[in-house]
Amino acid sequence: MRLTTKGRFAVTAMLDLALNEVEKPVTLAGISERQSISLSYLEQLFSRLRRSGLVKSVRGPGGGYRIAKKHSEISVSEIIAAVDELIDATQCGGHENCRDERRCMTHDLWSSLNVKILEYLSGISLADLVASQQATKTVPINSRQDFKIKAMIA
């Protein structure tokens with residue numbers, strides 16, 4: 001499959017932006033620091049995300065980026081497509097010239113996998129990712145352990 005770092009980083013950066021844009025625009029430097037993604041790489045990704053209408057830039061002091069649509073209206077597949085990432089499990093890129101300029105025996109298998117992956121990623125919104133992250137942060141691990149220990153002692 002050809003889902004590379006570009007697509008993964010774009011989704012990660014968008015999720016970071018969604019989680020941190022509540023009070024003010026988010027800087028790429030902040031995302032870079034939190035996610036360990038090169039600032040210059042983020043600049044390239046956000047240029048594409050902006051052209052696709054997924055983010056908007058805010059200029060001036062305190063500027064940065066904001067999500068341009070409702071989180072529920074942005075799918076993971078849309079983020080990946082915005083940075084020109086292809087999701088393709090075929091060896092031929094869908095051109096059916098996999099084996100000596102002919103279609104390989106397993107072409108239909110890989111093509112149907114592409115459809116399933118796209119359906120799956122299209123069904124997950126940025127809002128879903130935010131909710132998932134917030135759910136895992138609701139109760140810190142130490143608090144869970146303290147609760148279990150207190151329950152055992154009582």
# chains A, B, ... in the order shown; residues from 1 in each chain; ligands from 1
$ residues_around --residues "range 20-29 of chain A" --least-positions-apart "6" --cutoff "8 Å" --atoms "only C-alpha atoms" --output "number ranges by chain"
A: 39, 42-43, 58, 62-67
$ select_by_dssp --residues "chain A" --states "strand (DSSP E or B)" --output "count of residues only"
13
$ residues_around --residues "Leu129 in chain A" --least-positions-apart "6" --cutoff "12 Å" --atoms "only C-alpha atoms" --output "PyMOL selection string"
chain A and resi 11-19+71-72+74-76+121+123+135-136
$ select_by_dssp --residues "range 11-67 of chain A" --states "alpha helix (DSSP H)" --output "ChimeraX atom specification"
/A:11-20,28-35,39-51
$ residues_around --residues "Leu109 in chain A" --least-positions-apart "3" --cutoff "12 Å" --atoms "only C-alpha atoms" --output "list in words"
Asp88, Ala89, Thr90, Gln91, Gly94, Arg103, Cys104, Met105, Thr106, Ser112, Leu113, Asn114, Val115 and Lys116 of chain A
$ write_last_selection --atoms "C-alpha atoms" --output "compact mmCIF listing (two decimals), in the first residue's frame"
# COMPACT_ATOMS: atom_id res chain seq x y z
CA ASP A 88 -3.67 2.13 -3.59
CA ALA A 89 -2.82 -1.48 -2.80
CA THR A 90 -2.42 -2.45 -6.46
CA GLN A 91 1.02 -2.81 -7.93
CA GLY A 94 -5.06 0.81 -11.12
CA ARG A 103 -3.58 -7.50 -15.62
CA CYS A 104 -2.30 -9.72 -12.82
CA MET A 105 -4.38 -12.56 -11.35
CA THR A 106 -4.90 -10.75 -8.05
CA SER A 112 -11.45 -4.26 -3.81
CA LEU A 113 -9.09 -3.67 -0.88
CA ASN A 114 -8.64 -0.09 -2.13
CA VAL A 115 -12.41 0.38 -2.06
CA LYS A 116 -12.69 -1.01 1.48
$ residues_around --residues "Leu49 in chain A" --least-positions-apart "2" --cutoff "10 Å" --atoms "only C-alpha atoms" --output "PyMOL selection string"
chain A and resi 10+14+43-47+51-56+67-68+78-84
$ write_last_selection --atoms "C-alpha atoms" --output "mmCIF file, in the first residue's frame"
data_model
loop_
_atom_site.group_PDB
_atom_site.id
_atom_site.type_symbol
_atom_site.label_atom_id
_atom_site.label_comp_id
_atom_site.auth_asym_id
_atom_site.auth_seq_id
_atom_site.Cartn_x
_atom_site.Cartn_y
_atom_site.Cartn_z
ATOM 1 C CA ALA A 10 -1.286 15.264 7.585
ATOM 2 C CA MET A 14 -4.954 18.050 11.571
ATOM 3 C CA GLU A 43 4.581 24.137 5.891
ATOM 4 C CA GLN A 44 4.332 22.057 2.711
ATOM 5 C CA LEU A 45 1.440 19.989 4.081
ATOM 6 C CA PHE A 46 -0.495 23.013 5.335
ATOM 7 C CA SER A 47 -0.079 24.778 2.006
ATOM 8 C CA ARG A 51 -5.647 25.072 -0.923
ATOM 9 C CA SER A 52 -8.097 22.218 -0.314
ATOM 10 C CA GLY A 53 -10.133 24.372 2.051
ATOM 11 C CA LEU A 54 -9.514 22.255 5.140
ATOM 12 C CA VAL A 55 -7.588 24.887 7.092
ATOM 13 C CA LYS A 56 -7.401 28.663 7.059
ATOM 14 C CA ILE A 67 -9.786 24.264 10.872
ATOM 15 C CA ALA A 68 -11.913 25.759 8.070
ATOM 16 C CA GLU A 78 -10.314 13.913 2.568
ATOM 17 C CA ILE A 79 -7.248 14.916 4.587
ATOM 18 C CA ILE A 80 -5.127 12.277 2.891
ATOM 19 C CA ALA A 81 -6.374 13.250 -0.569
ATOM 20 C CA ALA A 82 -5.687 16.943 0.152
ATOM 21 C CA VAL A 83 -1.952 16.253 0.433
ATOM 22 C CA ASP A 84 -1.960 14.281 -2.841
#
$ decode --residues "range 28-46 of chain A" --atoms "N, CA and C atoms" --output "mmCIF file, in the first residue's frame"
data_model
loop_
_atom_site.group_PDB
_atom_site.id
_atom_site.type_symbol
_atom_site.label_atom_id
_atom_site.label_comp_id
_atom_site.auth_asym_id
_atom_site.auth_seq_id
_atom_site.Cartn_x
_atom_site.Cartn_y
_atom_site.Cartn_z
ATOM 1 N N LEU A 28 2.328 26.369 13.430
ATOM 2 C CA LEU A 28 2.977 25.162 12.926
ATOM 3 C C LEU A 28 4.154 24.782 13.814
ATOM 4 N N ALA A 29 4.804 25.771 14.405
ATOM 5 C CA ALA A 29 5.909 25.483 15.319
ATOM 6 C C ALA A 29 5.416 24.674 16.510
ATOM 7 N N GLY A 30 4.223 24.997 17.002
ATOM 8 C CA GLY A 30 3.644 24.247 18.113
ATOM 9 C C GLY A 30 3.342 22.815 17.729
ATOM 10 N N ILE A 31 2.751 22.630 16.554
ATOM 11 C CA ILE A 31 2.461 21.272 16.067
ATOM 12 C C ILE A 31 3.771 20.519 15.880
ATOM 13 N N SER A 32 4.753 21.191 15.299
ATOM 14 C CA SER A 32 6.055 20.584 15.055
ATOM 15 C C SER A 32 6.671 20.068 16.353
ATOM 16 N N GLU A 33 6.602 20.880 17.377
ATOM 17 C CA GLU A 33 7.190 20.507 18.665
ATOM 18 C C GLU A 33 6.426 19.348 19.313
ATOM 19 N N ARG A 34 5.104 19.431 19.320
ATOM 20 C CA ARG A 34 4.290 18.396 19.972
ATOM 21 C C ARG A 34 4.351 17.061 19.244
ATOM 22 N N GLN A 35 4.420 17.110 17.909
ATOM 23 C CA GLN A 35 4.314 15.872 17.120
ATOM 24 C C GLN A 35 5.638 15.413 16.516
ATOM 25 N N SER A 36 6.696 16.152 16.742
ATOM 26 C CA SER A 36 8.019 15.809 16.191
ATOM 27 C C SER A 36 7.985 15.667 14.671
ATOM 28 N N ILE A 37 7.357 16.651 14.040
ATOM 29 C CA ILE A 37 7.308 16.720 12.579
ATOM 30 C C ILE A 37 8.064 17.974 12.170
ATOM 31 N N SER A 38 8.917 17.853 11.190
ATOM 32 C CA SER A 38 9.709 18.982 10.703
ATOM 33 C C SER A 38 8.816 20.166 10.343
ATOM 34 N N LEU A 39 9.223 21.354 10.765
ATOM 35 C CA LEU A 39 8.462 22.566 10.482
ATOM 36 C C LEU A 39 8.340 22.798 8.977
ATOM 37 N N SER A 40 9.411 22.592 8.236
ATOM 38 C CA SER A 40 9.348 22.818 6.788
ATOM 39 C C SER A 40 8.404 21.807 6.125
ATOM 40 N N TYR A 41 8.355 20.593 6.635
ATOM 41 C CA TYR A 41 7.440 19.578 6.096
ATOM 42 C C TYR A 41 5.996 19.986 6.386
ATOM 43 N N LEU A 42 5.738 20.481 7.604
ATOM 44 C CA LEU A 42 4.400 20.956 7.953
ATOM 45 C C LEU A 42 3.976 22.122 7.068
ATOM 46 N N GLU A 43 4.898 23.002 6.761
ATOM 47 C CA GLU A 43 4.581 24.137 5.891
ATOM 48 C C GLU A 43 4.102 23.648 4.527
ATOM 49 N N GLN A 44 4.748 22.624 3.992
ATOM 50 C CA GLN A 44 4.332 22.057 2.711
ATOM 51 C C GLN A 44 2.947 21.418 2.820
ATOM 52 N N LEU A 45 2.728 20.653 3.888
ATOM 53 C CA LEU A 45 1.440 19.989 4.081
ATOM 54 C C LEU A 45 0.314 21.017 4.244
ATOM 55 N N PHE A 46 0.557 22.039 5.071
ATOM 56 C CA PHE A 46 -0.495 23.013 5.335
ATOM 57 C C PHE A 46 -0.779 23.892 4.130
#
